[in-house]
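Note: the block below is work28.csv and it holds CSV, C-alpha atoms.
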```
chain,number,residue,atom,x,y,z
A,1,MET,CA,-17.6,12.6,-4.3
A,2,ILE,CA,-19.3,15.4,-2.5
A,3,ARG,CA,-17.7,18.8,-2.4
A,4,LEU,CA,-18.6,21.3,0.3
A,5,GLN,CA,-17.5,24.9,0.3
A,6,VAL,CA,-16.7,26.1,3.8
A,7,GLN,CA,-15.1,29.5,4.2
A,8,ASN,CA,-13.0,29.2,1.0
A,9,TYR,CA,-11.8,25.7,1.9
A,10,ILE,CA,-12.9,22.7,-0.2
A,11,ILE,CA,-13.5,19.6,1.9
A,12,LYS,CA,-13.7,16.3,0.1
A,13,TYR,CA,-15.8,13.4,1.3
A,14,PHE,CA,-15.7,10.0,-0.4
A,15,ILE,CA,-18.8,7.9,-0.1
A,16,LYS,CA,-18.6,4.2,-1.1
A,17,TYR,CA,-22.0,3.0,-2.1
A,18,ASN,CA,-22.9,-0.5,-0.8
A,19,THR,CA,-24.4,-2.1,-3.9
A,20,LEU,CA,-25.3,-5.3,-1.9
A,21,GLY,CA,-28.0,-3.4,0.0
A,22,PRO,CA,-28.5,-2.6,3.7
A,23,GLY,CA,-27.2,-5.1,6.3
A,24,SER,CA,-24.5,-6.5,4.0
A,25,ASN,CA,-20.8,-5.8,3.9
A,26,PRO,CA,-19.3,-4.5,0.6
A,27,THR,CA,-16.0,-5.8,-0.6
A,28,PRO,CA,-13.3,-3.6,0.8
A,29,ASP,CA,-11.5,-1.2,-1.6
A,30,PHE,CA,-7.7,-1.2,-1.2
A,31,THR,CA,-5.0,1.2,-2.2
A,32,ILE,CA,-1.3,1.4,-1.5
A,33,THR,CA,0.5,4.7,-1.5
A,34,GLY,CA,4.2,5.3,-1.1
A,35,PRO,CA,7.3,6.6,-2.9
A,36,THR,CA,7.9,5.8,-6.5
A,37,SER,CA,11.6,5.4,-5.9
A,38,VAL,CA,14.1,5.1,-3.0
A,39,ASN,CA,17.9,4.8,-2.7
A,40,GLU,CA,19.4,1.4,-1.7
A,41,GLY,CA,19.5,1.0,2.0
A,42,ALA,CA,16.6,3.4,2.6
A,43,ALA,CA,13.2,2.3,3.8
A,44,ALA,CA,10.2,2.7,1.5
A,45,ASN,CA,7.3,3.5,3.7
A,46,PHE,CA,3.9,2.4,2.5
A,47,THR,CA,0.4,3.3,3.6
A,48,VAL,CA,-2.5,0.9,3.0
A,49,ARG,CA,-6.0,2.4,2.8
A,50,ALA,CA,-8.9,-0.1,3.0
A,51,PHE,CA,-12.3,1.4,2.9
A,52,GLY,CA,-14.9,-1.0,4.2
A,53,LEU,CA,-12.6,-2.9,6.5
A,54,ASN,CA,-13.1,-2.7,10.2
A,55,ALA,CA,-10.4,-1.4,12.6
A,56,GLY,CA,-8.4,-4.2,14.1
A,57,SER,CA,-8.6,-6.3,10.9
A,58,THR,CA,-5.3,-8.0,9.9
A,59,LEU,CA,-4.0,-8.0,6.4
A,60,GLN,CA,-0.8,-9.4,4.9
A,61,TRP,CA,1.7,-7.5,2.8
A,62,THR,CA,4.2,-9.3,0.6
A,63,VAL,CA,6.9,-8.6,-2.0
A,64,VAL,CA,5.1,-10.1,-5.0
A,65,ASP,CA,7.6,-9.4,-7.8
A,66,ASN,CA,11.3,-9.1,-7.1
A,67,THR,CA,12.7,-10.4,-10.4
A,68,ASN,CA,15.1,-7.4,-10.5
A,69,ILE,CA,16.2,-7.9,-6.9
A,70,SER,CA,16.0,-11.6,-6.6
A,71,ASP,CA,18.3,-12.2,-3.7
A,72,PRO,CA,16.0,-12.5,-0.7
A,73,ASN,CA,18.8,-11.6,1.7
A,74,ARG,CA,18.8,-8.0,0.3
A,75,TYR,CA,15.3,-7.3,1.8
A,76,ASP,CA,14.8,-6.6,5.5
A,77,ALA,CA,11.5,-8.6,5.2
A,78,LEU,CA,9.6,-10.2,2.3
A,79,ASN,CA,6.2,-10.2,4.0
A,80,GLY,CA,4.4,-9.4,7.2
A,81,ASP,CA,1.1,-8.7,8.9
A,82,ILE,CA,-0.5,-5.2,9.4
A,83,THR,CA,-3.5,-4.2,11.5
A,84,MET,CA,-6.0,-1.7,10.2
A,85,LEU,CA,-6.5,1.4,12.4
A,86,GLY,CA,-9.8,3.3,12.9
A,87,ASN,CA,-9.1,5.7,10.0
A,88,TYR,CA,-9.0,2.8,7.5
A,89,THR,CA,-5.2,2.8,7.2
A,90,ALA,CA,-2.2,0.7,8.1
A,91,ALA,CA,1.5,1.1,7.4
A,92,PHE,CA,4.5,-1.0,6.7
A,93,ALA,CA,8.1,-0.5,5.4
A,94,VAL,CA,10.5,-2.4,3.2
A,95,THR,CA,14.2,-1.8,3.0
A,96,VAL,CA,16.4,-3.2,0.2
A,97,ASN,CA,20.0,-3.3,1.5
A,98,ALA,CA,22.7,-1.9,-0.7
A,99,ASP,CA,24.6,-4.4,-2.9
A,100,ASN,CA,27.6,-2.1,-2.9
A,101,THR,CA,27.8,-2.0,-6.7
A,102,THR,CA,26.3,0.3,-9.3
A,103,ALA,CA,26.7,-2.2,-12.2
A,104,SER,CA,23.1,-3.2,-12.2
A,105,GLY,CA,21.6,0.3,-12.3
A,106,PRO,CA,18.1,1.0,-11.0
A,107,GLN,CA,16.0,-2.0,-9.9
A,108,ASN,CA,12.3,-2.6,-9.2
A,109,TYR,CA,10.2,-4.6,-6.8
A,110,THR,CA,6.4,-4.7,-6.3
A,111,VAL,CA,4.6,-5.0,-2.9
A,112,GLY,CA,1.1,-6.3,-2.6
A,113,ILE,CA,-1.7,-6.6,-0.1
A,114,LEU,CA,-3.5,-9.9,0.3
A,115,TRP,CA,-7.1,-10.1,1.2
A,116,ASN,CA,-8.8,-13.5,1.5
A,117,ASP,CA,-5.7,-15.0,-0.1
A,118,GLN,CA,-6.1,-12.8,-3.2
A,119,LEU,CA,-3.9,-10.0,-4.3
A,120,ALA,CA,-6.0,-6.8,-3.6
A,121,ALA,CA,-3.6,-4.0,-4.5
A,122,THR,CA,0.0,-3.5,-5.7
A,123,LYS,CA,2.6,-0.8,-5.8
A,124,THR,CA,6.0,-0.9,-7.7
A,125,ILE,CA,9.1,0.9,-6.4
A,126,THR,CA,12.3,1.7,-8.2
A,127,VAL,CA,15.5,1.2,-6.1
A,128,ASN,CA,18.3,3.6,-7.2
A,129,ASP,CA,21.9,2.4,-6.9
```

Can you present the structure in this file as structure tokens?
Amino acid sequence: MIRLQVQNYIIKYFIKYNTLGPGSNPTPDFTITGPTSVNEGAAANFTVRAFGLNAGSTLQWTVVDNTNISDPNRYDALNGDITMLGNYTAAFAVTVNADNTTASGPQNYTVGILWNDQLAATKTITVND
């Protein structure tokens, strides 16, 4: 990380070093950001950041672990495609519909990003009753 001091503001630049050398493409680096918890019926909005992946590239997102919310009908979608933008980001949302009971308490699910058919990043969310 390089830090530059410009009129009392710190600007951060992240540089990813290509260990494969000039002319080769490094393996993209993926992260998923989003809320740590949401209420039932509310959308959890996720942002995917993929350094080293060209704009226009398509990725797949999927619910990879839903053991606590195993009824697939409770989700508005279990997977989908997203297209990377020029700023190395893409976005998607998942809604878990309310089950109209508080007996189960908070539940969790995990979303993941697939790259070359491999799980590249995950994020776990708590759904509050």

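Note that the spacing between CA of Phe30 in chain A and CA of Leu78 in chain A amounts to 19.8 Å.
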
key: Polymer residues at most 6 Å from range 48-56 of chain A, all atoms listed in the file, same-chain spacing of 3 or more positions, as a list in words   = Pro28, Asp29, Phe30, Thr31, Ile32, Thr83, Met84, Leu85, Gly86, Tyr88, Thr89, Ala90 and Ala91 of chain A

query = With all atoms listed in the file as the basis for distance, which of A:Asn100, A:Asn108, A:Ser57, A:Thr47 is at the shortest distance from Gly34 in chain A?
reply = A:Thr47

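CA of Thr58 in chain A lies 27.8 Å from CA of Val127 in chain A.
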
inquiry  = Restricting the calculation to all atoms listed in the file: of A:Ile69, A:Leu119, A:Ile125, A:Ile82, which residue gets closest to Asn97 in chain A?
reply    = A:Ile69

query = By how many Å are CA of Thr67 in chain A and CA of Ile113 in chain A apart?
reply = 18.1 Å

message = Under the rule that all atoms listed in the file are counted, which of A:Gln60, A:Asn45, A:Asn128, A:Asn73 is the nearest residue to Trp115 in chain A?
response =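 Of the candidates, the smallest distance to Trp115 in chain A is held by A:Gln60.
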
ask   = Looking at A:Ala43, A:Ala121, A:Val38, A:Val96, which one is nearest to Asn66 in chain A, with distances taken over only C-alpha atoms?
value =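 Of A:Ala43, A:Ala121, A:Val38, A:Val96, the one nearest Asn66 in chain A, counting only C-alpha atoms, is A:Val96.
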
query = Hey, which of A:Val111, A:Ala98, A:Ala42, A:Ala77 ends up closest to Thr62 in chain A? Count all atoms listed in the file.
reply =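 Using all atoms listed in the file, the shortest distance to Thr62 in chain A belongs to A:Val111.
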